[in-house]
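protein_32.tsv (TSV, C-alpha atoms and all ligand atoms) appears below.
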```tsv
chain	number	residue	atom	x	y	z
A	371	MET	CA	97.82	-121.47	-168.93
A	372	ALA	CA	97.66	-124.58	-170.98
A	373	GLU	CA	100.70	-126.76	-171.04
A	374	GLY	CA	101.35	-130.11	-169.48
A	375	THR	CA	104.87	-129.09	-168.53
A	376	ILE	CA	103.86	-126.46	-165.99
A	377	VAL	CA	105.55	-126.63	-162.63
A	378	ASN	CA	103.63	-124.19	-160.49
A	379	PRO	CA	105.27	-123.64	-157.13
A	380	ASN	CA	102.88	-120.99	-155.90
A	381	PRO	CA	99.56	-120.88	-157.75
A	382	SER	CA	97.90	-118.41	-155.38
A	383	ALA	CA	100.60	-115.82	-156.09
A	384	ALA	CA	100.08	-116.23	-159.81
A	385	ALA	CA	96.39	-115.57	-159.40
A	386	THR	CA	96.65	-112.45	-157.29
A	387	ASP	CA	99.80	-110.59	-158.29
A	388	GLN	CA	100.03	-107.87	-160.93
A	389	ALA	CA	103.23	-107.96	-162.98
A	390	ALA	CA	104.47	-104.39	-163.28
A	391	PRO	CA	103.82	-102.57	-160.01
A	392	VAL	CA	104.29	-105.36	-157.48
A	393	ALA	CA	107.18	-105.26	-155.05
A	394	PRO	CA	108.50	-108.74	-154.38
A	395	THR	CA	107.51	-110.32	-151.11
A	396	ALA	CA	110.04	-112.30	-149.13
A	397	PRO	CA	110.26	-115.82	-150.48
A	398	THR	CA	108.65	-118.51	-148.36
A	399	ALA	CA	110.18	-121.87	-147.58
A	400	ALA	CA	107.92	-123.34	-150.24
A	401	ASP	CA	109.32	-120.81	-152.70
A	402	ALA	CA	112.85	-121.78	-151.80
A	403	ALA	CA	112.10	-125.47	-152.22
A	404	ALA	CA	110.40	-124.80	-155.51
A	405	THR	CA	113.38	-122.75	-156.62
A	406	ALA	CA	115.69	-125.62	-155.84
A	407	ASN	CA	113.46	-128.06	-157.70
A	408	ALA	CA	112.15	-126.14	-160.65
A	409	SER	CA	114.49	-123.28	-161.50
A	410	SER	CA	117.37	-123.31	-163.91
A	411	LYS	CA	118.81	-120.24	-162.16
A	412	PRO	CA	119.21	-119.38	-158.49
A	413	GLY	CA	116.72	-116.70	-157.45
A	414	HIS	CA	114.20	-117.63	-160.11
A	415	ILE	CA	111.05	-119.65	-159.72
A	416	ASN	CA	109.83	-121.16	-162.94
A	417	LEU	CA	106.20	-121.88	-163.63
A	418	TYR	CA	107.54	-123.68	-166.67
A	419	GLU	CA	110.21	-126.31	-166.97
A	420	PRO	CA	113.24	-125.22	-169.01
A	421	HIS	CA	112.49	-125.15	-172.73
A	422	GLU	CA	114.68	-125.81	-175.73
A	423	TRP	CA	113.68	-123.05	-178.19
A	424	LYS	CA	113.10	-124.28	-181.72
A	425	HIS	CA	112.44	-121.01	-183.58
A	426	GLY	CA	114.58	-117.93	-183.09
A	427	THR	CA	114.63	-114.65	-184.95
A	428	SER	CA	116.92	-111.72	-185.46
A	429	VAL	CA	116.03	-108.05	-185.03
A	430	ALA	CA	118.38	-105.49	-186.60
A	431	GLY	CA	121.14	-108.10	-186.56
A	432	VAL	CA	120.63	-109.04	-182.90
A	433	PRO	CA	119.71	-112.72	-182.46
A	434	TRP	CA	116.68	-113.42	-180.22
A	435	LYS	CA	116.13	-116.98	-179.00
A	436	ASN	CA	112.42	-116.59	-179.78
A	437	PRO	CA	110.37	-113.75	-181.30
A	438	VAL	CA	108.64	-112.65	-178.05
A	439	ALA	CA	109.63	-109.79	-175.73
A	440	THR	CA	107.95	-107.98	-172.89
A	441	ALA	CA	106.49	-104.55	-173.72
A	442	SER	CA	107.89	-101.55	-171.89
A	443	GLY	CA	106.09	-100.51	-168.72
A	444	THR	CA	104.46	-103.88	-168.15
A	445	PHE	CA	107.54	-105.72	-166.93
A	446	GLN	CA	109.37	-105.40	-163.62
A	447	TYR	CA	112.21	-107.81	-163.01
A	448	ALA	CA	111.89	-107.75	-159.22
A	449	ALA	CA	108.31	-109.02	-159.57
A	450	VAL	CA	108.42	-111.43	-162.50
A	451	ARG	CA	111.54	-113.27	-161.39
A	452	TRP	CA	109.27	-115.00	-158.87
A	453	PHE	CA	107.36	-116.50	-161.78
A	454	TYR	CA	109.87	-117.35	-164.48
A	455	ASP	CA	113.44	-117.22	-165.72
A	456	VAL	CA	113.60	-113.98	-167.74
A	457	SER	CA	116.47	-115.26	-169.88
A	458	GLN	CA	113.86	-117.53	-171.51
A	459	LEU	CA	112.32	-114.53	-173.29
A	460	GLY	CA	113.34	-113.30	-176.71
A	461	ALA	CA	114.04	-109.92	-175.08
A	462	VAL	CA	112.97	-107.72	-172.18
A	463	SER	CA	111.95	-104.15	-172.97
A	464	THR	CA	112.29	-102.19	-169.74
A	465	LYS	CA	110.26	-99.25	-168.39
A	466	GLY	CA	110.86	-95.86	-170.04
A	467	CYS	CA	113.98	-94.31	-168.57
A	468	SER	CA	114.46	-90.53	-168.12
A	469	PRO	CA	117.55	-88.46	-167.22
A	470	VAL	CA	116.32	-87.86	-163.67
A	471	PRO	CA	113.66	-89.64	-161.58
A	472	TRP	CA	110.10	-88.83	-162.66
A	473	LEU	CA	107.13	-89.10	-160.31
A	474	GLY	CA	104.58	-89.62	-163.06
A	475	ASN	CA	100.98	-88.45	-162.98
A	476	PRO	CA	98.61	-88.14	-160.00
A	477	SER	CA	96.19	-90.98	-159.16
A	478	PRO	CA	93.85	-92.44	-160.27
A	479	ARG	CA	96.08	-93.49	-163.14
A	480	THR	CA	94.22	-96.49	-164.50
A	481	ALA	CA	90.72	-97.43	-165.58
A	482	GLU	CA	89.10	-100.36	-167.32
A	483	GLY	CA	87.73	-100.17	-170.84
A	484	PRO	CA	85.84	-102.68	-172.98
A	485	ALA	CA	88.36	-105.50	-173.64
A	486	SER	CA	91.05	-102.99	-172.70
A	487	ASN	CA	92.60	-100.89	-170.00
A	488	LEU	CA	93.60	-97.24	-169.81
A	489	ASN	CA	96.70	-95.99	-168.09
A	490	ALA	CA	98.15	-92.58	-167.47
A	491	VAL	CA	101.17	-93.56	-165.40
A	492	GLY	CA	103.11	-90.69	-166.97
A	493	LEU	CA	106.44	-92.52	-167.31
A	494	GLN	CA	107.17	-92.74	-163.59
A	495	ASN	CA	110.68	-94.16	-163.23
A	496	PRO	CA	113.74	-93.81	-160.98
A	497	GLY	CA	115.96	-92.32	-163.70
A	498	VAL	CA	118.82	-93.54	-165.86
A	499	ASP	CA	121.48	-93.60	-163.10
A	500	HIS	CA	119.34	-95.95	-161.02
A	501	TYR	CA	118.64	-98.03	-164.12
A	502	LEU	CA	122.36	-98.36	-164.84
A	503	ALA	CA	123.18	-99.23	-161.23
A	504	HIS	CA	120.35	-101.70	-160.56
A	505	ASP	CA	117.80	-102.80	-163.20
A	506	LEU	CA	120.20	-103.26	-166.12
A	507	PRO	CA	122.95	-105.19	-164.26
A	508	ASP	CA	120.35	-107.38	-162.55
A	509	LEU	CA	118.75	-108.27	-165.86
A	510	LYS	CA	122.07	-108.92	-167.58
A	511	LYS	CA	123.16	-111.10	-164.65
A	512	ALA	CA	119.95	-113.07	-165.12
A	513	GLY	CA	120.89	-113.62	-168.78
A	514	ALA	CA	118.21	-111.42	-170.37
A	515	LEU	CA	118.56	-109.69	-173.72
A	516	VAL	CA	117.72	-106.12	-172.74
A	517	VAL	CA	115.98	-103.46	-174.80
A	518	ALA	CA	116.39	-100.20	-172.87
A	519	ASN	CA	113.37	-97.94	-173.42
A	520	VAL	CA	114.27	-94.23	-173.53
A	521	ALA	CA	111.85	-91.47	-172.45
A	522	GLY	CA	112.11	-87.70	-172.64
A	523	HIS	CA	110.19	-84.45	-172.21
A	524	CYS	CA	112.44	-82.71	-174.76
A	525	ASP	CA	115.24	-83.62	-177.17
A	526	ASP	CA	117.89	-82.93	-174.54
A	527	ASP	CA	116.31	-85.52	-172.20
A	528	TYR	CA	116.50	-88.19	-174.90
A	529	VAL	CA	120.11	-87.16	-175.67
A	530	GLN	CA	121.19	-87.40	-172.02
A	531	VAL	CA	119.69	-90.87	-171.55
A	532	THR	CA	121.01	-92.19	-174.87
A	533	GLU	CA	124.51	-90.87	-174.07
A	534	LYS	CA	124.48	-92.71	-170.73
A	535	LEU	CA	123.16	-95.94	-172.29
A	536	ALA	CA	125.61	-95.83	-175.21
A	537	ASP	CA	128.36	-97.68	-173.36
A	538	SER	CA	126.07	-99.72	-171.14
A	539	ALA	CA	125.29	-103.43	-171.23
A	540	ALA	CA	121.91	-102.79	-172.92
A	541	ASP	CA	121.61	-104.79	-176.14
A	542	MET	CA	119.27	-102.44	-178.00
A	543	LEU	CA	117.65	-99.04	-177.38
A	544	GLU	CA	113.94	-98.35	-177.92
A	545	ILE	CA	113.16	-94.64	-178.23
A	546	ASN	CA	109.65	-93.94	-176.95
A	547	VAL	CA	108.32	-91.07	-179.06
A	548	SER	CA	104.78	-92.31	-178.57
A	549	CYS	CA	103.64	-91.94	-174.96
A	550	PRO	CA	100.25	-90.18	-174.86
A	551	ASN	CA	100.51	-89.46	-171.12
A	552	VAL	CA	103.11	-86.70	-170.94
A	553	THR	CA	102.54	-83.06	-171.88
A	554	HIS	CA	105.96	-82.60	-173.54
A	555	GLY	CA	108.02	-85.10	-175.55
A	556	GLY	CA	106.50	-88.55	-176.02
A	557	MET	CA	103.66	-88.60	-178.53
A	558	SER	CA	104.15	-84.95	-179.53
A	559	VAL	CA	107.44	-86.02	-181.19
A	560	GLY	CA	106.08	-89.21	-182.75
A	561	THR	CA	103.16	-87.43	-184.42
A	562	ASP	CA	105.45	-84.82	-186.05
A	563	PRO	CA	107.79	-86.33	-188.66
A	564	VAL	CA	109.95	-83.17	-188.74
A	565	ALA	CA	110.46	-83.22	-184.96
A	566	LEU	CA	111.12	-86.97	-185.08
A	567	ALA	CA	113.71	-86.59	-187.86
A	568	SER	CA	115.44	-83.82	-185.93
A	569	LEU	CA	115.53	-85.94	-182.74
A	570	MET	CA	116.95	-88.92	-184.64
A	571	ASP	CA	119.67	-86.69	-186.14
A	572	LYS	CA	120.76	-85.95	-182.56
A	573	LEU	CA	120.54	-89.52	-181.25
A	574	ARG	CA	121.99	-91.53	-184.12
A	575	PRO	CA	125.60	-90.28	-183.76
A	576	LEU	CA	125.59	-91.04	-180.01
A	577	THR	CA	125.58	-94.82	-180.18
A	578	ASP	CA	126.39	-97.85	-182.30
A	579	LYS	CA	123.71	-99.86	-180.52
A	580	PRO	CA	120.69	-100.75	-182.63
A	581	ILE	CA	118.04	-98.02	-182.23
A	582	ILE	CA	114.38	-99.06	-182.31
A	583	VAL	CA	111.91	-96.18	-182.65
A	584	LYS	CA	108.58	-96.90	-180.94
A	585	LEU	CA	105.69	-95.32	-182.83
A	586	THR	CA	102.23	-94.12	-181.89
A	587	PRO	CA	98.99	-95.17	-183.63
A	588	ASN	CA	97.53	-91.71	-182.85
A	589	VAL	CA	98.22	-90.45	-186.40
A	590	THR	CA	96.36	-90.57	-189.69
A	591	ASP	CA	99.11	-92.55	-191.44
A	592	ILE	CA	101.75	-94.30	-189.33
A	593	THR	CA	103.95	-94.83	-192.39
A	594	VAL	CA	104.81	-91.10	-192.39
A	595	PRO	CA	106.65	-91.06	-189.01
A	596	ALA	CA	107.92	-94.58	-189.80
A	597	ARG	CA	109.68	-93.31	-192.93
A	598	ALA	CA	111.06	-90.26	-191.08
A	599	ALA	CA	112.54	-92.51	-188.36
A	600	VAL	CA	114.13	-94.90	-190.87
A	601	GLU	CA	115.48	-92.15	-193.14
A	602	HIS	CA	117.14	-90.57	-190.08
A	603	GLY	CA	118.89	-93.64	-188.75
A	604	ALA	CA	116.44	-96.00	-187.01
A	605	ASP	CA	117.58	-99.63	-187.24
A	606	ALA	CA	114.12	-100.96	-186.39
A	607	LEU	CA	110.59	-99.83	-185.51
A	608	SER	CA	108.24	-101.00	-182.80
A	609	MET	CA	104.50	-100.36	-182.93
A	610	ILE	CA	102.06	-99.63	-181.43
A	611	ASN	CA	102.14	-97.67	-178.22
A	612	THR	CA	98.77	-96.99	-176.57
A	613	LEU	CA	95.83	-95.17	-178.16
A	614	LEU	CA	94.54	-91.95	-176.64
A	615	GLY	CA	91.33	-92.59	-174.70
A	616	MET	CA	89.25	-91.77	-171.65
A	617	ARG	CA	86.46	-93.02	-169.36
A	618	ILE	CA	83.88	-90.93	-167.48
A	619	ASP	CA	82.54	-91.65	-163.99
A	620	ILE	CA	78.77	-91.26	-164.52
A	621	ARG	CA	78.21	-90.61	-160.79
A	622	THR	CA	80.27	-87.41	-160.96
A	623	GLY	CA	80.28	-86.66	-164.69
A	624	ARG	CA	84.06	-86.33	-164.48
A	625	PRO	CA	86.92	-88.29	-166.08
A	626	ILE	CA	87.96	-91.35	-164.05
A	627	ILE	CA	91.66	-90.77	-164.69
A	628	ALA	CA	93.13	-87.72	-162.91
A	629	ASN	CA	95.10	-86.89	-166.06
A	630	THR	CA	91.70	-86.78	-167.91
A	631	THR	CA	93.06	-88.94	-170.76
A	632	GLY	CA	95.06	-92.14	-170.80
A	633	GLY	CA	96.46	-94.72	-173.18
A	634	VAL	CA	94.32	-97.67	-174.26
A	635	SER	CA	95.95	-101.10	-174.45
A	636	GLY	CA	94.93	-104.76	-174.26
A	637	PRO	CA	92.92	-107.10	-176.52
A	638	ALA	CA	90.83	-104.28	-178.07
A	639	VAL	CA	93.86	-102.71	-179.78
A	640	LEU	CA	94.97	-105.89	-181.62
A	641	PRO	CA	93.44	-104.94	-185.01
A	642	ILE	CA	94.95	-101.45	-184.77
A	643	GLY	CA	98.44	-102.79	-184.08
A	644	LEU	CA	98.11	-105.30	-186.90
A	645	VAL	CA	97.16	-102.73	-189.53
A	646	ALA	CA	100.01	-100.48	-188.39
A	647	VAL	CA	102.52	-103.29	-188.93
A	648	TYR	CA	100.90	-104.40	-192.20
A	649	ARG	CA	100.89	-100.93	-193.77
A	650	THR	CA	104.40	-100.11	-192.59
A	651	ARG	CA	105.73	-103.40	-193.97
A	652	THR	CA	104.12	-102.56	-197.32
A	653	VAL	CA	106.02	-99.27	-197.68
A	654	LEU	CA	109.22	-100.24	-195.86
A	655	PRO	CA	109.99	-103.81	-196.98
A	656	ASP	CA	113.39	-104.12	-195.27
A	657	ILE	CA	113.13	-102.45	-191.86
A	658	PRO	CA	112.81	-104.80	-188.87
A	659	ILE	CA	109.43	-104.29	-187.14
A	660	ILE	CA	108.39	-105.37	-183.65
A	661	GLY	CA	104.60	-105.75	-183.48
A	662	ILE	CA	102.84	-104.70	-180.26
A	663	GLY	CA	99.23	-104.40	-179.19
A	664	GLY	CA	96.68	-106.79	-177.75
A	665	ILE	CA	98.82	-109.93	-177.85
A	666	ASP	CA	97.82	-112.49	-175.24
A	667	SER	CA	98.34	-115.79	-177.10
A	668	GLY	CA	100.66	-117.49	-179.54
A	669	GLU	CA	97.95	-117.23	-182.21
A	670	LYS	CA	97.78	-113.44	-181.89
A	671	ALA	CA	101.57	-113.19	-182.01
A	672	LEU	CA	101.43	-115.29	-185.19
A	673	GLU	CA	99.01	-112.78	-186.75
A	674	TYR	CA	101.64	-110.07	-186.30
A	675	LEU	CA	104.31	-112.26	-187.91
A	676	TYR	CA	102.05	-112.84	-190.92
A	677	ALA	CA	101.41	-109.08	-191.06
A	678	GLY	CA	105.15	-108.61	-191.56
A	679	ALA	CA	106.66	-108.30	-188.07
A	680	ASN	CA	110.04	-109.83	-187.17
A	681	ALA	CA	109.11	-110.13	-183.50
A	682	VAL	CA	106.46	-109.05	-180.99
A	683	GLU	CA	106.14	-107.55	-177.52
A	684	VAL	CA	103.49	-108.56	-174.98
A	685	GLY	CA	102.19	-105.75	-172.74
A	686	ALA	CA	98.88	-105.47	-170.90
A	687	ALA	CA	98.35	-109.25	-170.84
A	688	ALA	CA	101.15	-109.42	-168.25
A	689	LEU	CA	99.25	-107.08	-165.92
A	690	PHE	CA	96.76	-109.83	-165.09
A	691	ASP	CA	98.87	-112.88	-166.06
A	692	PRO	CA	102.50	-112.26	-165.11
A	693	VAL	CA	103.65	-115.28	-167.11
A	694	ALA	CA	101.90	-114.16	-170.33
A	695	PRO	CA	105.03	-113.20	-172.32
A	696	LEU	CA	106.69	-116.57	-171.70
A	697	ARG	CA	103.44	-118.47	-172.29
A	698	VAL	CA	102.96	-116.62	-175.61
A	699	ALA	CA	106.57	-117.45	-176.58
A	700	ARG	CA	106.02	-121.16	-175.89
A	701	GLU	CA	102.70	-121.27	-177.72
A	702	LEU	CA	104.29	-119.50	-180.71
A	703	ASP	CA	107.27	-121.88	-180.69
A	704	ASP	CA	104.87	-124.80	-181.14
A	705	LEU	CA	102.73	-123.00	-183.75
A	706	LEU	CA	105.84	-122.33	-185.83
A	707	ASP	CA	106.57	-126.08	-186.02
A	708	ALA	CA	103.74	-126.39	-188.53
A	709	ARG	CA	104.90	-123.29	-190.45
A	710	PRO	CA	108.48	-124.10	-191.52
A	711	GLU	CA	108.53	-121.48	-194.29
A	712	LEU	CA	107.71	-118.65	-191.87
A	713	ALA	CA	110.05	-120.06	-189.22
A	714	ALA	CA	112.93	-120.21	-191.71
A	715	LYS	CA	112.35	-116.59	-192.76
A	716	LEU	CA	112.32	-115.39	-189.16
A	717	ALA	CA	115.46	-117.34	-188.33
A	718	ALA	CA	117.20	-115.60	-191.23
A	719	GLY	CA	116.08	-112.15	-190.02
A	720	LYS	CA	113.52	-111.95	-192.84
A	721	THR	CA	109.76	-111.59	-192.65
A	722	TRP	CA	106.69	-113.24	-194.15
A	723	ARG	CA	105.88	-110.22	-196.31
B	801	LIG	C1	100.87	-99.56	-167.45
B	801	LIG	C2	101.56	-99.35	-168.78
B	801	LIG	C3	102.78	-98.65	-168.81
B	801	LIG	C4	103.44	-98.43	-170.02
B	801	LIG	N1	104.65	-97.78	-170.03
B	801	LIG	C5	105.34	-97.64	-171.20
B	801	LIG	C6	106.65	-97.05	-171.22
B	801	LIG	O1	107.22	-96.67	-170.18
B	801	LIG	N2	107.28	-96.91	-172.43
B	801	LIG	C7	106.70	-97.35	-173.60
B	801	LIG	O2	107.31	-97.22	-174.66
B	801	LIG	N3	105.47	-97.93	-173.60
B	801	LIG	C8	104.79	-98.08	-172.44
B	801	LIG	N4	103.55	-98.70	-172.44
B	801	LIG	C9	102.97	-99.17	-173.72
B	801	LIG	C10	103.20	-100.68	-173.93
B	801	LIG	O3	104.57	-100.99	-173.97
B	801	LIG	C11	102.52	-101.17	-175.24
B	801	LIG	O4	103.08	-100.48	-176.33
B	801	LIG	C12	101.02	-100.94	-175.24
B	801	LIG	O5	100.47	-101.20	-173.96
B	801	LIG	C13	100.28	-101.81	-176.28
B	801	LIG	O6	100.52	-103.19	-176.05
B	801	LIG	P1	99.50	-104.15	-175.22
B	801	LIG	O7	98.14	-104.00	-175.83
B	801	LIG	O8	100.09	-105.52	-175.33
B	801	LIG	O9	99.53	-103.63	-173.80
B	801	LIG	C14	102.87	-98.92	-171.24
B	801	LIG	C15	101.65	-99.62	-171.19
B	801	LIG	C16	101.00	-99.85	-169.98
B	801	LIG	C17	99.69	-100.63	-169.98
```

For the structure just supplied, provide its representation as structure tokens.
Ligand SMILES: Cc1cc2nc3c(=O)[nH]c(=O)nc-3n(C[C@H](O)[C@H](O)[C@H](O)COP(=O)(O)O)c2cc1C
Amino acid sequence: MAEGTIVNPNPSAAATDQAAPVAPTAPTAADAAATANASSKPGHINLYEPHEWKHGTSVAGVPWKNPVATASGTFQYAAVRWFYDVSQLGAVSTKGCSPVPWLGNPSPRTAEGPASNLNAVGLQNPGVDHYLAHDLPDLKKAGALVVANVAGHCDDDYVQVTEKLADSAADMLEINVSCPNVTHGGMSVGTDPVALASLMDKLRPLTDKPIIVKLTPNVTDITVPARAAVEHGADALSMINTLLGMRIDIRTGRPIIANTTGGVSGPAVLPIGLVAVYRTRTVLPDIPIIGIGGIDSGEKALEYLYAGANAVEVGAAALFDPVAPLRVARELDDLLDARPELAAKLAAGKTWR
């Protein structure tokens, strides 16, 4: 965490907490004092002083105050609001949401990899009704631009969630057809352009909200499902979700993760995300693309913008540094000062290439 403008009310919490799974602890008196001193919003503690954003972007016609969002599954409002004001982000992509509560996969669900981590959470979430009653209103009240991430085990699941989100306060929908950790739906749709086209034909008529389709890198050529999504109504694409992987416990000879396989994310996947964006931009010059994978600094976000992305999402970096998405946004804002041509293109909803 580099900047001179940091106001850190509770450094020990920043060092020990994990962003996504942590339940908030009761605020201490020091927290309350820090909130009064450092926050622009009641209930938020800001590690950073308020920032005047210099370089915005626009994704499928929706203006973002900066090009950086959280990546789905690595952000939990109840936890991160103790670290920063979430309205400072370009957008917040929330955890995959299913028609009914899902318990996810058995433990262990995570393992470390070289410069990476594996997870097989299995889209655990409390369901769309809970999302509409709690997470979404809380985030909107906090001033966040919300990308609601939609999960399903079959087409009907995706339809039910999209129908319920159609009239909600969500700003954009992100259809997750790329999760490698569920046996039905998820990646099985995103690797089959015919199935993806058929799903999009069902979802597109349900809502006027911008639909982002989130793609998997677990294919030979990501431009094939990308084209199918766009030809069947996607307003934007996001890529990449995690790569299929595993680790073995050499004491037992068995997989570490109970689900056997998991999804690889973190710094190691940066080059894979970049080539996915680069190749997709080459064949689809006009579709908005959100680049994801391995971003933990403004410089890495900038690589995605030069590859042809309109915006980025920060995922695994937030698991060990809860403030990472906001830090990346601030670093990028400064890096764009010296790149006025790129900044002007982004502000106009265009891309570098
Ligand atoms: C613990 C965990 C949970 C995730 N859950 C979701 C999810 O619910 N929906 C989704 O579309 N992607 C999910 N993802 C994928 C991330 O949003 C992101 O696409 C991926 O991790 C690559 O980005 P990164 O290298 O910055 O983490 C999850 C990733 C992690 C690490």

Which chain A residues have any atom within 6 Å of an atom of ligand LIG 801 (chain B), and for each, what is the nearest pair of atoms with distance in Å to one decimal, counting only C-alpha atoms and all ligand atoms, rows sorted by chain and number, as JSON lines?
```
{"residue": "A:Ala441", "atom": "CA", "partner": "B:LIG801", "partner_atom": "O3", "distance": 4.1}
{"residue": "A:Ser442", "atom": "CA", "partner": "B:LIG801", "partner_atom": "O3", "distance": 4.0}
{"residue": "A:Gly443", "atom": "CA", "partner": "B:LIG801", "partner_atom": "N1", "distance": 3.4}
{"residue": "A:Thr444", "atom": "CA", "partner": "B:LIG801", "partner_atom": "C2", "distance": 5.4}
{"residue": "A:Lys465", "atom": "CA", "partner": "B:LIG801", "partner_atom": "O1", "distance": 4.4}
{"residue": "A:Gly466", "atom": "CA", "partner": "B:LIG801", "partner_atom": "O1", "distance": 3.7}
{"residue": "A:Asn489", "atom": "CA", "partner": "B:LIG801", "partner_atom": "C1", "distance": 5.5}
{"residue": "A:Leu493", "atom": "CA", "partner": "B:LIG801", "partner_atom": "O1", "distance": 5.1}
{"residue": "A:Asn546", "atom": "CA", "partner": "B:LIG801", "partner_atom": "O2", "distance": 4.6}
{"residue": "A:Ile610", "atom": "CA", "partner": "B:LIG801", "partner_atom": "O4", "distance": 5.3}
{"residue": "A:Asn611", "atom": "CA", "partner": "B:LIG801", "partner_atom": "O4", "distance": 3.5}
{"residue": "A:Thr612", "atom": "CA", "partner": "B:LIG801", "partner_atom": "C12", "distance": 4.7}
{"residue": "A:Ser635", "atom": "CA", "partner": "B:LIG801", "partner_atom": "O7", "distance": 3.9}
{"residue": "A:Gly636", "atom": "CA", "partner": "B:LIG801", "partner_atom": "O7", "distance": 3.7}
{"residue": "A:Val639", "atom": "CA", "partner": "B:LIG801", "partner_atom": "O7", "distance": 6.0}
{"residue": "A:Ile662", "atom": "CA", "partner": "B:LIG801", "partner_atom": "O6", "distance": 5.0}
{"residue": "A:Gly663", "atom": "CA", "partner": "B:LIG801", "partner_atom": "O7", "distance": 3.6}
{"residue": "A:Gly664", "atom": "CA", "partner": "B:LIG801", "partner_atom": "O7", "distance": 3.7}
{"residue": "A:Ile665", "atom": "CA", "partner": "B:LIG801", "partner_atom": "O8", "distance": 5.2}
{"residue": "A:Val684", "atom": "CA", "partner": "B:LIG801", "partner_atom": "O8", "distance": 4.6}
{"residue": "A:Gly685", "atom": "CA", "partner": "B:LIG801", "partner_atom": "O8", "distance": 3.3}
{"residue": "A:Ala686", "atom": "CA", "partner": "B:LIG801", "partner_atom": "O9", "distance": 3.5}
```

Need the shell around Ala628 in chain A: protein/DNA/RNA residues with any atom at most 12 Å away, counting all atoms listed in the file. Skip same-chain ones fewer than 2 positions apart. Format as a list in words?
Gly474, Asn475, Pro476, Ser477, Pro478, Arg479, Thr480, Ala481, Leu488, Asn489, Ala490, Val491, Gly492, Asn551, Met616, Arg617, Ile618, Asp619, Arg624, Pro625, Ile626, Thr630, Thr631 and Gly632 of chain A

Store the residues picked out above, limited to C-alpha atoms, as a PDB file, keeping the file's coordinate frame.
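Everything below was put into part-v9.pdb:
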```
ATOM      1  CA  GLY A 474     104.580 -89.620-163.060  1.00  0.00           C
ATOM      2  CA  ASN A 475     100.980 -88.450-162.980  1.00  0.00           C
ATOM      3  CA  PRO A 476      98.610 -88.140-160.000  1.00  0.00           C
ATOM      4  CA  SER A 477      96.190 -90.980-159.160  1.00  0.00           C
ATOM      5  CA  PRO A 478      93.850 -92.440-160.270  1.00  0.00           C
ATOM      6  CA  ARG A 479      96.080 -93.490-163.140  1.00  0.00           C
ATOM      7  CA  THR A 480      94.220 -96.490-164.500  1.00  0.00           C
ATOM      8  CA  ALA A 481      90.720 -97.430-165.580  1.00  0.00           C
ATOM      9  CA  LEU A 488      93.600 -97.240-169.810  1.00  0.00           C
ATOM     10  CA  ASN A 489      96.700 -95.990-168.090  1.00  0.00           C
ATOM     11  CA  ALA A 490      98.150 -92.580-167.470  1.00  0.00           C
ATOM     12  CA  VAL A 491     101.170 -93.560-165.400  1.00  0.00           C
ATOM     13  CA  GLY A 492     103.110 -90.690-166.970  1.00  0.00           C
ATOM     14  CA  ASN A 551     100.510 -89.460-171.120  1.00  0.00           C
ATOM     15  CA  MET A 616      89.250 -91.770-171.650  1.00  0.00           C
ATOM     16  CA  ARG A 617      86.460 -93.020-169.360  1.00  0.00           C
ATOM     17  CA  ILE A 618      83.880 -90.930-167.480  1.00  0.00           C
ATOM     18  CA  ASP A 619      82.540 -91.650-163.990  1.00  0.00           C
ATOM     19  CA  ARG A 624      84.060 -86.330-164.480  1.00  0.00           C
ATOM     20  CA  PRO A 625      86.920 -88.290-166.080  1.00  0.00           C
ATOM     21  CA  ILE A 626      87.960 -91.350-164.050  1.00  0.00           C
ATOM     22  CA  THR A 630      91.700 -86.780-167.910  1.00  0.00           C
ATOM     23  CA  THR A 631      93.060 -88.940-170.760  1.00  0.00           C
ATOM     24  CA  GLY A 632      95.060 -92.140-170.800  1.00  0.00           C
TER      25      GLY A 632
END
```

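Distance annotation: of A:Ser428, A:Thr561, A:Gln458, A:Ser463, the residue with the minimal separation from Pro658 in chain A is A:Ser428; atom set is only C-alpha atoms.
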
If you count all atoms listed in the file, which residues fall within 7 Å of range 451-455 of chain A, apart from same-chain ones fewer than 2 positions away, as a ChimeraX atom specification? /A:414-417,447-449,457-458,693

From the list A:Ala521, A:Ser468, A:Phe445, A:Ala430, the nearest residue to Ala688 in chain A using only C-alpha atoms is A:Phe445

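Between CA of Asn680 in chain A and CA of Asp537 in chain A the separation is 26.0 Å.
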
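In terms of minimum interatomic distance to Ala540 in chain A, A:Asp578 ranks closest within A:Glu673, A:Asp578, A:Asp691, A:Asp656, counting all atoms listed in the file.
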
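The spacing separating CA of Val520 in chain A from CA of Asn588 in chain A amounts to 19.3 Å.
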
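Taking all atoms listed in the file, the non-local environment of Ala599 in chain A within 7 Å (same-chain residues fewer than 3 positions away omitted) comprises Leu566, Ala567, Met570, Val583, Pro595, Ala596, His602, Gly603 and Ala604 of chain A.
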